[in-house]
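Visitor: Pasting entry03.txt here (compact mmCIF, C-alpha atoms):
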```txt
# COMPACT_ATOMS: atom_id res chain seq x y z
CA MET A 265 0.00 0.00 0.00
CA ILE A 266 2.68 2.50 1.00
CA THR A 267 4.96 1.47 -1.90
CA GLY A 268 2.19 2.28 -4.37
CA LYS A 269 1.94 5.78 -2.93
CA ILE A 270 5.71 6.16 -3.15
CA PHE A 271 5.64 5.20 -6.83
CA LEU A 272 2.82 7.67 -7.48
CA GLY A 273 4.79 10.40 -5.70
CA ILE A 274 7.85 9.69 -7.82
CA GLY A 275 5.58 9.76 -10.88
CA ILE A 276 4.30 13.21 -9.92
CA LEU A 277 7.87 14.42 -9.45
CA SER A 278 8.85 13.02 -12.83
CA ALA A 279 5.83 14.72 -14.44
CA GLY A 280 7.04 18.01 -12.98
CA PHE A 281 10.44 17.45 -14.58
CA SER A 282 8.83 16.75 -17.94
CA ILE A 283 6.91 20.04 -17.74
CA PHE A 284 10.16 21.82 -16.83
CA TYR A 285 11.97 20.35 -19.84
CA MET A 286 9.02 21.18 -22.09
CA MET A 287 9.26 24.81 -21.03
CA GLN A 288 13.02 24.78 -21.62
CA ILE A 289 12.47 23.52 -25.18
CA VAL A 290 9.84 26.20 -25.82
CA ASN A 291 12.17 28.85 -24.40
CA TYR A 292 15.00 27.67 -26.66
CA LEU A 293 12.77 27.81 -29.72
CA SER A 294 11.45 31.26 -28.91
CA CYS A 295 15.02 32.52 -28.43
CA LYS A 296 15.85 31.22 -31.90
CA GLY A 297 12.98 33.26 -33.38
CA ILE A 298 10.38 30.55 -33.80
CA LYS A 299 6.92 31.80 -32.87
CA ILE A 300 5.17 29.66 -30.28
CA ASN A 301 1.41 29.37 -30.30
CA TRP A 302 0.74 29.20 -26.55
CA PHE A 303 -2.96 28.52 -27.00
CA LEU A 304 -2.31 25.40 -29.09
CA LEU A 305 0.89 24.31 -27.34
CA ARG A 306 -0.43 20.90 -26.37
CA LEU A 307 -1.69 20.18 -29.88
CA LYS A 308 1.46 21.37 -31.64
CA TRP A 309 3.90 19.94 -29.11
CA PHE A 310 5.30 17.25 -31.40
CA THR A 311 5.93 19.85 -34.10
CA TYR A 312 7.95 21.91 -31.64
CA MET A 313 9.86 18.83 -30.51
CA LEU A 314 10.81 18.09 -34.13
CA LYS A 315 11.89 21.69 -34.68
CA TYR A 316 14.04 21.59 -31.53
CA ARG A 317 15.58 18.32 -32.63
CA GLU A 318 16.34 19.64 -36.12
CA LEU A 319 17.85 22.89 -34.81
CA THR A 320 20.10 21.19 -32.29
CA ILE A 321 21.28 18.62 -34.84
CA ILE A 322 22.15 21.42 -37.26
CA GLU A 323 23.95 23.46 -34.58
CA THR A 324 25.78 20.78 -32.59
CA GLY A 325 25.57 17.60 -34.64
CA SER A 326 23.55 15.73 -32.02
CA ILE A 327 20.14 15.85 -30.42
CA GLY A 328 19.81 18.50 -27.70
CA PRO A 329 19.90 17.55 -24.02
CA TYR A 330 16.38 18.77 -23.28
CA HIS A 331 14.92 16.41 -25.86
CA LYS A 332 16.57 13.39 -24.24
CA ALA A 333 15.67 14.51 -20.74
CA TYR A 334 12.03 15.12 -21.74
CA ILE A 335 11.67 11.67 -23.30
CA ILE A 336 13.24 9.99 -20.27
CA SER A 337 11.09 11.90 -17.79
CA VAL A 338 7.87 11.11 -19.70
CA LEU A 339 8.74 7.42 -19.83
CA CYS A 340 9.60 7.41 -16.12
CA THR A 341 6.28 9.11 -15.39
CA LEU A 342 4.37 6.44 -17.28
CA VAL A 343 6.22 3.58 -15.60
CA MET A 344 5.84 5.04 -12.11
CA PHE A 345 2.12 5.77 -12.52
CA ILE A 346 1.38 2.31 -13.92
CA THR A 347 3.43 0.63 -11.20
CA GLY A 348 1.82 2.73 -8.49
CA ALA A 349 -1.68 2.02 -9.80
CA VAL A 350 -1.01 -1.72 -9.93
CA LEU A 351 0.39 -1.76 -6.39
CA LEU A 352 -2.54 0.24 -5.02
CA SER A 353 -5.19 -2.03 -6.54
```
What would the structure in this file look like if it were written as structure tokens?
Guide:
Amino acid sequence: MITGKIFLGIGILSAGFSIFYMMQIVNYLSCKGIKINWFLLRLKWFTYMLKYRELTIIETGSIGPYHKAYIISVLCTLVMFITGAVLLS
């Protein structure tokens, strides 16, 4: 019972990190002159991720660190929430 709550807490923390990295990616794109539609951010998120990936590959030759960190934090969030839900039921 308590381990399920711990996993859910870690999942919430990981979700917070994914939001942080999402905002870092949006900040990077807006600094590069790409206009961000804040109203449709959730719908156009994958477009912005692709633009960030393309820009960082052009500039540095590899995918940017925020892209990797975002993907890892989203996957950790999913795993922790599923594990926590299974342990609580």
Visitor: Rounded to one decimal, what separation in Å do you get between CA of Gly275 (chain A) and CA of Ser294 (chain A)?
Guide: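 Interatomic distance, CA of Gly275 (chain A) to CA of Ser294 (chain A): 28.7 Å.
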Visitor: Could you check how far CA of Thr347 (chain A) sits from CA of Trp309 (chain A), in Å to one decimal?
Guide: 26.3 Å
Visitor: Can you tell me, as a list in words, what residues are no more than 8 Å from region 333-338 of chain A when counting all atoms listed in the file, ignoring any on the same chain fewer than 4 positions away?
Guide: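 Listing them by chain and then by number gives Ser278, Ala279, Phe281, Ser282, Tyr285, Met286, Pro329 and Leu342 of chain A.
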Visitor: Take the point (0.9, 4.1, -7.6) in the file's coordinates, draw a sphere of radius 7 Å around it, and report as number ranges by chain every protein, DNA or RNA residue with an atom inside or on it, counting all atoms listed in the file.
Guide: A: 268-272, 344-352
Visitor: For the atom pair CA of Trp302 (chain A) and CA of Glu323 (chain A), what is the interatomic distance in Å to one decimal place?
Guide: 25.2 Å
Visitor: Box in all listed atoms of region 306-315 of chain A, axis-aligned, with 5 Å more on each side; write out centre and edge lengths in Å to one decimal as lines of an AutoDock Vina configuration file.
Guide:
```
center_x = 5.1
center_y = 19.6
center_z = -30.5
size_x = 23.6
size_y = 14.7
size_z = 18.3
```
Visitor: Name the residues in contact with Tyr292 (chain A) at a cut-off of 12 Å, using all atoms listed in the file, excluding same-chain residues fewer than 5 positions from it; report them as a ChimeraX atom specification.
Guide: /A:285-287,297-300,312-313,315-317,319-320,328-331
Visitor: Generate a file for chain A, containing C-alpha atoms, as a compact mmCIF listing (two decimals), in the first residue's frame.
Guide:
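Below is the file that was written, selection_27.txt:
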```
# COMPACT_ATOMS: atom_id res chain seq x y z
CA MET A 265 0.00 0.00 0.00
CA ILE A 266 2.68 2.50 1.00
CA THR A 267 4.96 1.47 -1.90
CA GLY A 268 2.19 2.28 -4.37
CA LYS A 269 1.94 5.78 -2.93
CA ILE A 270 5.71 6.16 -3.15
CA PHE A 271 5.64 5.20 -6.83
CA LEU A 272 2.82 7.67 -7.48
CA GLY A 273 4.79 10.40 -5.70
CA ILE A 274 7.85 9.69 -7.82
CA GLY A 275 5.58 9.76 -10.88
CA ILE A 276 4.30 13.21 -9.92
CA LEU A 277 7.87 14.42 -9.45
CA SER A 278 8.85 13.02 -12.83
CA ALA A 279 5.83 14.72 -14.44
CA GLY A 280 7.04 18.01 -12.98
CA PHE A 281 10.44 17.45 -14.58
CA SER A 282 8.83 16.75 -17.94
CA ILE A 283 6.91 20.04 -17.74
CA PHE A 284 10.16 21.82 -16.83
CA TYR A 285 11.97 20.35 -19.84
CA MET A 286 9.02 21.18 -22.09
CA MET A 287 9.26 24.81 -21.03
CA GLN A 288 13.02 24.78 -21.62
CA ILE A 289 12.47 23.52 -25.18
CA VAL A 290 9.84 26.20 -25.82
CA ASN A 291 12.17 28.85 -24.40
CA TYR A 292 15.00 27.67 -26.66
CA LEU A 293 12.77 27.81 -29.72
CA SER A 294 11.45 31.26 -28.91
CA CYS A 295 15.02 32.52 -28.43
CA LYS A 296 15.85 31.22 -31.90
CA GLY A 297 12.98 33.26 -33.38
CA ILE A 298 10.38 30.55 -33.80
CA LYS A 299 6.92 31.80 -32.87
CA ILE A 300 5.17 29.66 -30.28
CA ASN A 301 1.41 29.37 -30.30
CA TRP A 302 0.74 29.20 -26.55
CA PHE A 303 -2.96 28.52 -27.00
CA LEU A 304 -2.31 25.40 -29.09
CA LEU A 305 0.89 24.31 -27.34
CA ARG A 306 -0.43 20.90 -26.37
CA LEU A 307 -1.69 20.18 -29.88
CA LYS A 308 1.46 21.37 -31.64
CA TRP A 309 3.90 19.94 -29.11
CA PHE A 310 5.30 17.25 -31.40
CA THR A 311 5.93 19.85 -34.10
CA TYR A 312 7.95 21.91 -31.64
CA MET A 313 9.86 18.83 -30.51
CA LEU A 314 10.81 18.09 -34.13
CA LYS A 315 11.89 21.69 -34.68
CA TYR A 316 14.04 21.59 -31.53
CA ARG A 317 15.58 18.32 -32.63
CA GLU A 318 16.34 19.64 -36.12
CA LEU A 319 17.85 22.89 -34.81
CA THR A 320 20.10 21.19 -32.29
CA ILE A 321 21.28 18.62 -34.84
CA ILE A 322 22.15 21.42 -37.26
CA GLU A 323 23.95 23.46 -34.58
CA THR A 324 25.78 20.78 -32.59
CA GLY A 325 25.57 17.60 -34.64
CA SER A 326 23.55 15.73 -32.02
CA ILE A 327 20.14 15.85 -30.42
CA GLY A 328 19.81 18.50 -27.70
CA PRO A 329 19.90 17.55 -24.02
CA TYR A 330 16.38 18.77 -23.28
CA HIS A 331 14.92 16.41 -25.86
CA LYS A 332 16.57 13.39 -24.24
CA ALA A 333 15.67 14.51 -20.74
CA TYR A 334 12.03 15.12 -21.74
CA ILE A 335 11.67 11.67 -23.30
CA ILE A 336 13.24 9.99 -20.27
CA SER A 337 11.09 11.90 -17.79
CA VAL A 338 7.87 11.11 -19.70
CA LEU A 339 8.74 7.42 -19.83
CA CYS A 340 9.60 7.41 -16.12
CA THR A 341 6.28 9.11 -15.39
CA LEU A 342 4.37 6.44 -17.28
CA VAL A 343 6.22 3.58 -15.60
CA MET A 344 5.84 5.04 -12.11
CA PHE A 345 2.12 5.77 -12.52
CA ILE A 346 1.38 2.31 -13.92
CA THR A 347 3.43 0.63 -11.20
CA GLY A 348 1.82 2.73 -8.49
CA ALA A 349 -1.68 2.02 -9.80
CA VAL A 350 -1.01 -1.72 -9.93
CA LEU A 351 0.39 -1.76 -6.39
CA LEU A 352 -2.54 0.24 -5.02
CA SER A 353 -5.19 -2.03 -6.54
```
